[in-house]
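Structure data follow from protein34.tsv (TSV, C-alpha atoms):
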chain	number	residue	atom	x	y	z
G	30	MET	CA	-323.35	-56.45	46.33
G	31	ARG	CA	-323.86	-59.60	48.37
G	32	CYS	CA	-322.34	-63.04	48.33
G	33	PRO	CA	-325.09	-65.54	47.44
G	34	ARG	CA	-325.88	-68.14	50.08
G	35	SER	CA	-325.18	-70.83	47.53
G	36	THR	CA	-321.55	-69.72	47.14
G	37	ALA	CA	-319.27	-72.74	47.41
G	38	ALA	CA	-316.98	-72.85	50.42
G	39	VAL	CA	-313.89	-72.59	48.25
G	40	LEU	CA	-315.22	-69.40	46.59
G	41	ALA	CA	-316.58	-67.75	49.71
G	42	PRO	CA	-313.24	-66.10	50.72
G	43	LEU	CA	-312.85	-64.65	47.22
G	44	CYS	CA	-316.34	-63.23	47.32
G	45	ALA	CA	-315.68	-61.71	50.74
G	46	ALA	CA	-312.46	-60.14	49.49
G	47	ALA	CA	-314.31	-58.65	46.54
G	48	LEU	CA	-316.83	-57.13	48.93
G	49	LEU	CA	-314.04	-55.50	50.94
G	50	LEU	CA	-312.45	-54.03	47.80
G	51	ALA	CA	-315.79	-52.68	46.63
G	52	ALA	CA	-316.36	-51.03	50.00
G	53	ALA	CA	-312.88	-49.51	50.22
G	54	PRO	CA	-312.71	-45.76	49.52
G	55	ALA	CA	-311.22	-44.72	46.19
G	56	PRO	CA	-307.59	-43.55	46.45
G	57	GLU	CA	-307.25	-39.78	46.75
G	58	TYR	CA	-304.55	-37.62	45.27
G	59	ARG	CA	-302.13	-35.94	47.65
G	60	GLY	CA	-299.61	-33.33	46.59
G	61	THR	CA	-297.63	-31.13	48.98
G	62	ARG	CA	-294.55	-28.90	48.94
G	63	ARG	CA	-292.04	-28.16	51.67
G	64	ALA	CA	-288.51	-26.92	52.21
G	65	LEU	CA	-285.72	-29.33	51.43
G	66	PRO	CA	-284.78	-31.25	54.60
G	67	ALA	CA	-281.23	-31.04	55.91
G	68	GLU	CA	-280.34	-34.61	55.00
G	69	MET	CA	-281.45	-34.07	51.41
G	70	LEU	CA	-279.50	-30.82	51.14
G	71	ALA	CA	-276.36	-32.65	52.27
G	72	GLN	CA	-276.93	-35.37	49.68
G	73	MET	CA	-277.55	-32.84	46.90
G	74	ARG	CA	-274.30	-31.04	47.68
G	75	GLN	CA	-272.54	-34.31	46.96
G	76	HIS	CA	-274.33	-35.15	43.72
G	77	SER	CA	-276.90	-32.95	41.97
G	78	TRP	CA	-275.84	-29.43	43.03
G	79	ARG	CA	-272.52	-27.62	43.23
G	80	PRO	CA	-271.29	-24.02	43.53
G	81	GLY	CA	-271.76	-22.31	40.17
G	82	CYS	CA	-275.13	-23.94	39.44
G	83	PRO	CA	-277.62	-21.37	38.10
G	84	VAL	CA	-280.08	-21.73	40.99
G	85	PRO	CA	-279.39	-21.55	44.75
G	86	LEU	CA	-280.55	-24.42	46.92
G	87	ALA	CA	-282.80	-21.98	48.78
G	88	ASP	CA	-284.94	-21.63	45.61
G	89	LEU	CA	-285.64	-25.37	45.40
G	90	VAL	CA	-288.44	-27.21	47.19
G	91	LEU	CA	-289.46	-30.81	47.75
G	92	LEU	CA	-292.72	-32.06	46.28
G	93	GLU	CA	-294.33	-35.15	47.78
G	94	LEU	CA	-296.84	-36.62	45.33
G	95	ASN	CA	-298.71	-39.87	45.16
G	96	HIS	CA	-299.20	-41.43	41.75
G	97	TRP	CA	-300.44	-44.53	39.97
G	98	GLY	CA	-297.70	-47.05	39.26
G	99	TYR	CA	-297.10	-49.55	36.51
G	100	ASP	CA	-298.55	-52.20	38.82
G	101	GLY	CA	-301.94	-50.46	39.07
G	102	ALA	CA	-301.36	-49.46	42.71
G	103	VAL	CA	-300.85	-46.00	44.22
G	104	HIS	CA	-297.30	-45.09	45.29
G	105	ASP	CA	-295.59	-42.13	46.95
G	106	GLY	CA	-293.05	-40.14	44.97
G	107	VAL	CA	-290.89	-37.06	45.37
G	108	LEU	CA	-289.55	-34.36	43.06
G	109	VAL	CA	-287.10	-31.52	43.63
G	110	VAL	CA	-288.17	-28.43	41.66
G	111	HIS	CA	-287.90	-24.65	41.59
G	112	ARG	CA	-290.37	-23.09	43.99
G	113	ASP	CA	-291.89	-21.01	41.16
G	114	VAL	CA	-293.20	-24.13	39.37
G	115	ALA	CA	-294.12	-26.16	42.46
G	116	ASP	CA	-297.83	-25.32	42.41
G	117	ASP	CA	-297.98	-26.01	38.67
G	118	LEU	CA	-296.58	-29.49	39.14
G	119	ILE	CA	-298.83	-30.31	42.09
G	120	ALA	CA	-301.83	-29.45	39.92
G	121	ILE	CA	-300.44	-31.28	36.88
G	122	PHE	CA	-299.84	-34.49	38.79
G	123	GLY	CA	-303.35	-34.16	40.18
G	124	ASP	CA	-304.61	-34.27	36.60
G	125	LEU	CA	-302.37	-37.27	35.86
G	126	PHE	CA	-303.66	-39.04	38.96
G	127	ALA	CA	-307.26	-38.44	37.90
G	128	ALA	CA	-306.43	-39.84	34.46
G	129	ARG	CA	-304.70	-42.84	36.11
G	130	PHE	CA	-301.57	-42.21	34.10
G	131	PRO	CA	-298.87	-44.57	35.39
G	132	VAL	CA	-295.48	-43.35	36.58
G	133	GLU	CA	-293.14	-46.23	37.34
G	134	LYS	CA	-290.78	-44.45	39.75
G	135	MET	CA	-290.35	-40.94	41.12
G	136	LYS	CA	-287.13	-40.54	43.10
G	137	PRO	CA	-284.56	-37.73	43.46
G	138	ILE	CA	-281.66	-37.93	41.03
G	139	ASP	CA	-279.32	-38.07	44.04
G	140	GLU	CA	-280.37	-41.68	44.61
G	141	TYR	CA	-278.52	-42.34	41.35
G	142	GLY	CA	-275.49	-40.30	42.36
G	143	GLY	CA	-276.69	-37.46	40.14
G	144	ASP	CA	-276.19	-39.73	37.11
G	145	ASP	CA	-278.87	-38.89	34.56
G	146	ASP	CA	-278.08	-41.96	32.45
G	147	ALA	CA	-278.60	-44.27	35.43
G	148	SER	CA	-281.87	-42.55	36.35
G	149	MET	CA	-283.16	-42.81	32.78
G	150	ALA	CA	-282.17	-46.46	32.49
G	151	ASP	CA	-284.23	-47.16	35.62
G	152	ASN	CA	-287.25	-45.41	34.05
G	153	ASN	CA	-287.21	-42.90	36.89
G	154	THR	CA	-289.20	-39.68	36.70
G	155	SER	CA	-287.09	-36.78	38.02
G	156	ALA	CA	-286.75	-33.02	37.85
G	157	PHE	CA	-283.85	-31.00	39.29
G	158	ASN	CA	-280.30	-31.95	38.33
G	159	CYS	CA	-277.53	-29.43	37.71
G	160	ARG	CA	-276.12	-30.72	34.42
G	161	TRP	CA	-275.42	-29.75	30.83
G	162	VAL	CA	-277.87	-29.99	27.94
G	163	THR	CA	-277.51	-33.39	26.25
G	164	GLY	CA	-274.75	-33.06	23.64
G	165	ARG	CA	-274.00	-29.39	24.52
G	166	LYS	CA	-271.32	-29.28	27.18
G	167	GLY	CA	-271.12	-25.92	28.91
G	168	VAL	CA	-274.82	-25.12	28.45
G	169	PHE	CA	-276.99	-25.65	31.52
G	170	SER	CA	-280.08	-27.80	31.02
G	171	ARG	CA	-283.44	-26.48	32.22
G	172	HIS	CA	-283.17	-29.23	34.83
G	173	SER	CA	-280.36	-27.16	36.36
G	174	TYR	CA	-282.95	-24.50	37.18
G	175	GLY	CA	-285.50	-26.95	38.57
G	176	ARG	CA	-287.86	-25.99	35.74
G	177	ALA	CA	-287.93	-29.27	33.79
G	178	ILE	CA	-289.10	-32.80	34.39
G	179	ASP	CA	-288.47	-36.12	32.63
G	180	ILE	CA	-291.33	-38.63	32.76
G	181	ASN	CA	-290.89	-42.40	32.33
G	182	PRO	CA	-287.68	-42.05	30.26
G	183	VAL	CA	-287.63	-45.61	28.92
G	184	ALA	CA	-291.16	-45.29	27.54
G	185	ASN	CA	-290.40	-41.73	26.39
G	186	PRO	CA	-286.80	-41.67	25.13
G	187	TYR	CA	-284.64	-38.86	23.80
G	188	VAL	CA	-284.19	-39.45	20.06
G	189	LYS	CA	-281.73	-37.69	17.74
G	190	GLY	CA	-281.04	-39.51	14.53
G	191	ARG	CA	-279.88	-42.97	15.53
G	192	GLN	CA	-279.12	-41.91	19.08
G	193	VAL	CA	-281.68	-43.11	21.62
G	194	LEU	CA	-281.41	-42.40	25.35
G	195	PRO	CA	-281.79	-44.47	27.37
G	196	PRO	CA	-280.83	-47.36	25.03
G	197	ALA	CA	-283.78	-49.44	26.30
G	198	GLY	CA	-286.02	-46.74	24.83
G	199	LYS	CA	-285.38	-48.10	21.34
G	200	ASP	CA	-288.45	-50.27	21.78
G	201	TYR	CA	-290.51	-47.09	22.19
G	202	VAL	CA	-289.27	-44.98	19.29
G	203	ASP	CA	-292.40	-45.94	17.34
G	204	ARG	CA	-295.04	-43.57	18.80
G	205	SER	CA	-297.90	-44.68	16.57
G	206	ARG	CA	-299.72	-46.63	19.27
G	207	PRO	CA	-300.14	-45.96	22.99
G	208	ARG	CA	-298.18	-48.11	25.44
G	209	LEU	CA	-297.80	-48.20	29.22
G	210	GLY	CA	-296.26	-44.99	30.54
G	211	MET	CA	-296.01	-43.36	27.12
G	212	VAL	CA	-296.66	-39.64	26.56
G	213	ARG	CA	-298.28	-38.78	23.24
G	214	LYS	CA	-299.38	-35.52	21.68
G	215	GLY	CA	-302.86	-34.54	22.82
G	216	ASP	CA	-303.09	-37.09	25.62
G	217	ALA	CA	-303.87	-36.30	29.28
G	218	VAL	CA	-300.22	-35.71	30.15
G	219	HIS	CA	-299.51	-33.42	27.22
G	220	GLN	CA	-302.67	-31.41	27.86
G	221	ALA	CA	-302.05	-31.07	31.61
G	222	PHE	CA	-298.64	-29.50	30.98
G	223	ARG	CA	-299.58	-27.43	27.95
G	224	GLN	CA	-302.57	-25.86	29.71
G	225	ARG	CA	-300.17	-24.45	32.30
G	226	GLY	CA	-297.66	-23.05	29.82
G	227	TRP	CA	-295.13	-25.90	29.72
G	228	SER	CA	-293.47	-26.98	26.47
G	229	TRP	CA	-292.84	-30.57	25.43
G	230	GLY	CA	-289.64	-31.97	23.94
G	231	GLY	CA	-291.68	-34.43	21.89
G	232	THR	CA	-292.43	-31.68	19.37
G	233	TRP	CA	-288.86	-30.48	18.89
G	234	LYS	CA	-287.57	-30.63	15.30
G	235	ARG	CA	-283.84	-31.45	15.54
G	236	SER	CA	-284.44	-34.05	18.23
G	237	GLN	CA	-287.42	-35.46	20.05
G	238	ASP	CA	-287.21	-35.63	23.84
G	239	TYR	CA	-290.47	-37.40	24.60
G	240	GLN	CA	-289.84	-37.58	28.35
G	241	HIS	CA	-289.11	-33.85	28.74
G	242	PHE	CA	-291.36	-30.98	29.79
G	243	GLU	CA	-290.04	-27.54	30.74
G	244	LYS	CA	-291.27	-24.10	31.68
G	245	ARG	CA	-289.29	-20.93	31.13
G	246	ARG	CA	-289.73	-17.72	33.08
Output the file's structure in the form of structure tokens.
Amino acid sequence: MRCPRSTAAVLAPLCAAALLLAAAPAPEYRGTRRALPAEMLAQMRQHSWRPGCPVPLADLVLLELNHWGYDGAVHDGVLVVHRDVADDLIAIFGDLFAARFPVEKMKPIDEYGGDDDASMADNNTSAFNCRWVTGRKGVFSRHSYGRAIDINPVANPYVKGRQVLPPAGKDYVDRSRPRLGMVRKGDAVHQAFRQRGWSWGGTWKRSQDYQHFEKRR
């Protein structure tokens, strides 16, 4: 590609910028795992983990993943997960990156004080959080084991009858057409998880948890 000599002066900078973008290398996926740093462990002890949780902190790891955002740019994100599913998730998010599936935010639940409702309302993608199953107090969620992840909760709400969580997800209860950040049966997200033995809450019968993927032992 070249800028024609006849390009008007006012358009020349735009043409030059287009040349730079065309020459720039395509973004590459990066996914790594490491032990939880001390400052994160201290924060988790205040919010997302407590004595009596079904998994010790030593079994959790930090994933650092880059991902496409809602703005079409590449961003850095982090997840806290059980070490046994870390490699799965690194590979899965590699597939999502290749498919250019957008994830709006990917921050630890501790940045929301361990409040799942606040994280969902902010459309944040998260994994570990020691908490009960929605509507079943006393029963640990798979998130409590670091073996579940919620993706773009506003675009993929939890639906049970008239209950929709987060409330802003009401605009996304209709799953008949694809929308930004939405997970649908058979799409790249669903396939990436299913191929690695994860189950999807979007196919549950008593409720539909479109944001939720989990893997049991």
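The space between CA of Lys189 in chain G and CA of Lys166 in chain G spans 16.4 Å.
Using only C-alpha atoms, the nearest neighbour of Arg206 in chain G within the list G:Glu57, G:Pro66, G:Ala87, G:Ala184 is G:Ala184.
Between CA of Leu91 in chain G and CA of Val110 in chain G the interatomic distance comes to 6.7 Å.
Here CA of Tyr239 in chain G stands at a distance of 26.2 Å from CA of Thr61 in chain G.
You can rank G:Gly198, G:Pro131, G:Gly123, G:Gly231 by their closest distance to Gly215 in chain G using all atoms listed in the file, and at the top of that list sits G:Gly231.
Distances here use all atoms listed in the file; by that measure, the residue among G:Leu94, G:Val109, G:Val114, G:Val103 closest to Leu65 in chain G is G:Val109.
For the set G:Gly60, G:Gly98, G:Gly143, G:Pro85, the residue with the smallest atom-to-atom gap to Tyr174 in chain G is G:Pro85, counting only C-alpha atoms.
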So, counting all atoms listed in the file, which residue among G:Gln72, G:Ser173, G:Gln237, G:Gln220 is closest to Phe122 in chain G? G:Gln220
Smallest atom-to-atom distance to Leu86 in chain G: which of G:Val168, G:Asp179, G:Ser148, G:Cys159, using only C-alpha atoms? G:Cys159
Just want the 10 Å neighbourhood of Ala150 in chain G, counted on all atoms listed in the file, with same-chain residues fewer than 6 positions away dropped. Output as a PDB file with C-alpha atoms, in the frame of the given file.
ATOM      1  CA  ASN G 181    -290.890 -42.400  32.330  1.00  0.00           C
ATOM      2  CA  PRO G 182    -287.680 -42.050  30.260  1.00  0.00           C
ATOM      3  CA  VAL G 183    -287.630 -45.610  28.920  1.00  0.00           C
ATOM      4  CA  PRO G 186    -286.800 -41.670  25.130  1.00  0.00           C
ATOM      5  CA  LEU G 194    -281.410 -42.400  25.350  1.00  0.00           C
ATOM      6  CA  PRO G 195    -281.790 -44.470  27.370  1.00  0.00           C
ATOM      7  CA  PRO G 196    -280.830 -47.360  25.030  1.00  0.00           C
ATOM      8  CA  ALA G 197    -283.780 -49.440  26.300  1.00  0.00           C
ATOM      9  CA  GLY G 198    -286.020 -46.740  24.830  1.00  0.00           C
TER      10      GLY G 198
END
N, CA and C atoms modelled onto range 203-222 of chain G, as a short mmCIF file (atom, residue, chain, number, x, y, z; two decimals), keeping the file's coordinate frame:
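Listed below is the output, result-v4.cif:
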data_model
loop_
_atom_site.label_atom_id
_atom_site.label_comp_id
_atom_site.auth_asym_id
_atom_site.auth_seq_id
_atom_site.Cartn_x
_atom_site.Cartn_y
_atom_site.Cartn_z
N ASP G 203 -291.15 -45.96 18.10
CA ASP G 203 -292.40 -45.94 17.34
C ASP G 203 -293.51 -45.40 18.26
N ARG G 204 -294.03 -44.22 17.95
CA ARG G 204 -295.04 -43.57 18.80
C ARG G 204 -296.44 -43.71 18.23
N SER G 205 -296.62 -44.60 17.28
CA SER G 205 -297.90 -44.68 16.57
C SER G 205 -299.02 -45.30 17.39
N ARG G 206 -298.67 -46.03 18.44
CA ARG G 206 -299.72 -46.63 19.27
C ARG G 206 -299.38 -46.42 20.75
N PRO G 207 -300.40 -46.20 21.57
CA PRO G 207 -300.14 -45.96 22.99
C PRO G 207 -299.63 -47.22 23.69
N ARG G 208 -298.70 -47.01 24.63
CA ARG G 208 -298.18 -48.11 25.44
C ARG G 208 -298.03 -47.62 26.86
N LEU G 209 -297.85 -48.54 27.81
CA LEU G 209 -297.80 -48.20 29.22
C LEU G 209 -296.75 -47.13 29.51
N GLY G 210 -297.17 -46.05 30.14
CA GLY G 210 -296.26 -44.99 30.54
C GLY G 210 -295.86 -44.02 29.45
N MET G 211 -296.40 -44.18 28.27
CA MET G 211 -296.01 -43.36 27.12
C MET G 211 -296.76 -42.03 27.13
N VAL G 212 -296.06 -40.96 26.76
CA VAL G 212 -296.66 -39.64 26.56
C VAL G 212 -296.82 -39.41 25.06
N ARG G 213 -298.02 -39.03 24.65
CA ARG G 213 -298.28 -38.78 23.24
C ARG G 213 -298.98 -37.44 23.07
N LYS G 214 -298.79 -36.83 21.94
CA LYS G 214 -299.38 -35.52 21.68
C LYS G 214 -300.89 -35.57 21.83
N GLY G 215 -301.42 -34.64 22.62
CA GLY G 215 -302.86 -34.54 22.82
C GLY G 215 -303.41 -35.39 23.93
N ASP G 216 -302.57 -36.23 24.56
CA ASP G 216 -303.09 -37.09 25.62
C ASP G 216 -303.21 -36.30 26.93
N ALA G 217 -303.62 -36.98 28.00
CA ALA G 217 -303.87 -36.30 29.28
C ALA G 217 -302.62 -35.64 29.83
N VAL G 218 -301.47 -36.27 29.64
CA VAL G 218 -300.22 -35.71 30.15
C VAL G 218 -299.86 -34.45 29.37
N HIS G 219 -299.85 -34.55 28.07
CA HIS G 219 -299.51 -33.42 27.22
C HIS G 219 -300.43 -32.23 27.51
N GLN G 220 -301.71 -32.48 27.62
CA GLN G 220 -302.67 -31.41 27.86
C GLN G 220 -302.48 -30.78 29.23
N ALA G 221 -302.22 -31.60 30.25
CA ALA G 221 -302.05 -31.07 31.61
C ALA G 221 -300.88 -30.09 31.68
N PHE G 222 -299.80 -30.40 31.00
CA PHE G 222 -298.64 -29.50 30.98
C PHE G 222 -298.89 -28.29 30.08
#
